[in-house]
Amino acid sequence: MKRLAIAFIIAAIISMTGLPDAWGRNRRRMTPVDNPATTTQAVNETRDDTSRINAKRRANSVSYVNESGVTVFVDTTTNTEWIDSSIIKRVPKMKYPLLNSVSAGIDVWDPIMRVFGQQHGIAGIWGQVDLHNRYFPTFEMGLGYTNHKGPNENFVYNSPLSVYFKIGADYNFLFNSNPDYKFFAGFRYGFSPFSYSIKNVKLSDNYWDETVNFNIPSQNATAGWIEFGLGLRVKIAGPVSVGWMLKYHSVVHQSKTTYGDPWYIPGFGSKNSHFSGSVSVSYTFDISHLNKLPLPEVIESETPALPDSTLSQTDSIAL
């Protein structure tokens, strides 16, 4: 038994001392140092590398910036133009410059609606700045007036000539398309200081068969409202455009008066309706020349020197 145990211990020691060498040999066989792929690996990885190819091509080209702000390269060997897409970091989000145009217009919605029986409103004017053909900060002002008497009403509501103001902006959904056509959404905040009175109020008493007439004196008031709209504008001839806008509006604040709330607010219209519109004729002035445009830049590469033999041949031909 003792001999068997000693033999077992000796065998275990020999096998343990041989393991590291075996593992080392296995590792070398699994990851060989030399193989055919290592000689072509770098070539295969970079043969379709556009950046490396174009960098080499740019070294033999000159460049300039075209009207759209894109750098165009010209190959000095073949005299062909090409654009290096590998150096374009991003596509411009907006096609038109920051200061694109200024427009002024007149809103003829109220005069048109008066033809169809409306008894309030006069007209308004507006102006706006075109930023990138996308954003249109807008300012409006106009005059309002009414002398209203309904067919079944026993009074006359009068509001003398008053001014109103609106400020807001439009957003053009077709900002990268032809600027002659605009489909836009708009927001406005409107404000008006005005006065109103109620005249010839008639109250009848059927029992005593009497009629009482009286007037409500002039009341001074102010009101503010917001508008949301959707519209379309189209150029019809040169710088002249026509457009329309359908609006939803709601009063957000108004002053308190002794005899109740006003029926009509200049620039807003009748408080009985939350919907209105506008029809405009406008004139547009181009101001894109005010933008600071980058100067064309020409990057000239070094022309490789010609061999002496070539220079001698050229000189002889010139002679």
# chains A, B, ... in the order shown; residues from 1 in each chain; ligands from 1
call {"tool": "residues_around", "arguments": {"residues": "Gly150 (chain A)", "least_positions_apart": "6", "cutoff": "12 Å", "atoms": "only C-alpha atoms", "output": "ChimeraX atom specification"}}
result
/A:117-119,156-157
call {"tool": "residues_around", "arguments": {"residues": "Phe73 (chain A)", "least_positions_apart": "2", "cutoff": "8 Å", "atoms": "only C-alpha atoms", "output": "list of chain:residue names"}}
result
A:Arg58, A:Ser61, A:Val62, A:Ser63, A:Tyr64, A:Thr71, A:Asp75, A:Glu81, A:Trp82, A:Ile83, A:Asp84
call {"tool": "write_last_selection", "arguments": {"atoms": "C-alpha atoms", "output": "CSV table (one decimal), in the first residue's frame"}}
result
chain,number,residue,atom,x,y,z
A,58,ARG,CA,-8.4,67.0,-52.3
A,61,SER,CA,-7.7,69.8,-56.3
A,62,VAL,CA,-8.6,73.5,-55.8
A,63,SER,CA,-11.9,74.6,-54.3
A,64,TYR,CA,-14.4,77.4,-54.2
A,71,THR,CA,-17.6,73.8,-51.2
A,75,ASP,CA,-9.5,68.3,-59.9
A,81,GLU,CA,-15.8,69.4,-60.3
A,82,TRP,CA,-16.7,67.2,-57.4
A,83,ILE,CA,-18.2,67.6,-53.9
A,84,ASP,CA,-16.6,66.0,-50.9
call {"tool": "closest_residue", "arguments": {"among": "A:Lys182, A:His132, A:Lys56, A:His148", "to": "Gly231 (chain A)", "atoms": "only C-alpha atoms"}}
result
A:Lys182
call {"tool": "closest_residue", "arguments": {"among": "A:Ser162, A:Asp286, A:Phe268, A:Ala223", "to": "Asp110 (chain A)", "atoms": "only C-alpha atoms"}}
result
A:Phe268
call {"tool": "closest_residue", "arguments": {"among": "A:Ser288, A:Gln219, A:Asn206, A:Ser241", "to": "Ser103 (chain A)", "atoms": "only C-alpha atoms"}}
result
A:Ser241
call {"tool": "select_by_dssp", "arguments": {"residues": "region 57-257 of chain A", "states": "alpha helix (DSSP H)", "output": "PyMOL selection string"}}
result
chain A and resi 57-58+109-115
call {"tool": "write_last_selection", "arguments": {"atoms": "C-alpha atoms", "output": "PDB file, in the first residue's frame"}}
result
ATOM      1  CA  ARG A  57      -8.099  63.615 -54.007  1.00  0.00           C
ATOM      2  CA  ARG A  58      -8.351  67.005 -52.262  1.00  0.00           C
ATOM      3  CA  TRP A 109     -62.330  91.241 -44.210  1.00  0.00           C
ATOM      4  CA  ASP A 110     -64.627  93.800 -42.523  1.00  0.00           C
ATOM      5  CA  PRO A 111     -65.399  95.798 -45.698  1.00  0.00           C
ATOM      6  CA  ILE A 112     -66.285  92.553 -47.488  1.00  0.00           C
ATOM      7  CA  MET A 113     -68.481  91.348 -44.614  1.00  0.00           C
ATOM      8  CA  ARG A 114     -70.276  94.711 -44.492  1.00  0.00           C
ATOM      9  CA  VAL A 115     -71.498  93.998 -48.022  1.00  0.00           C
TER      10      VAL A 115
END
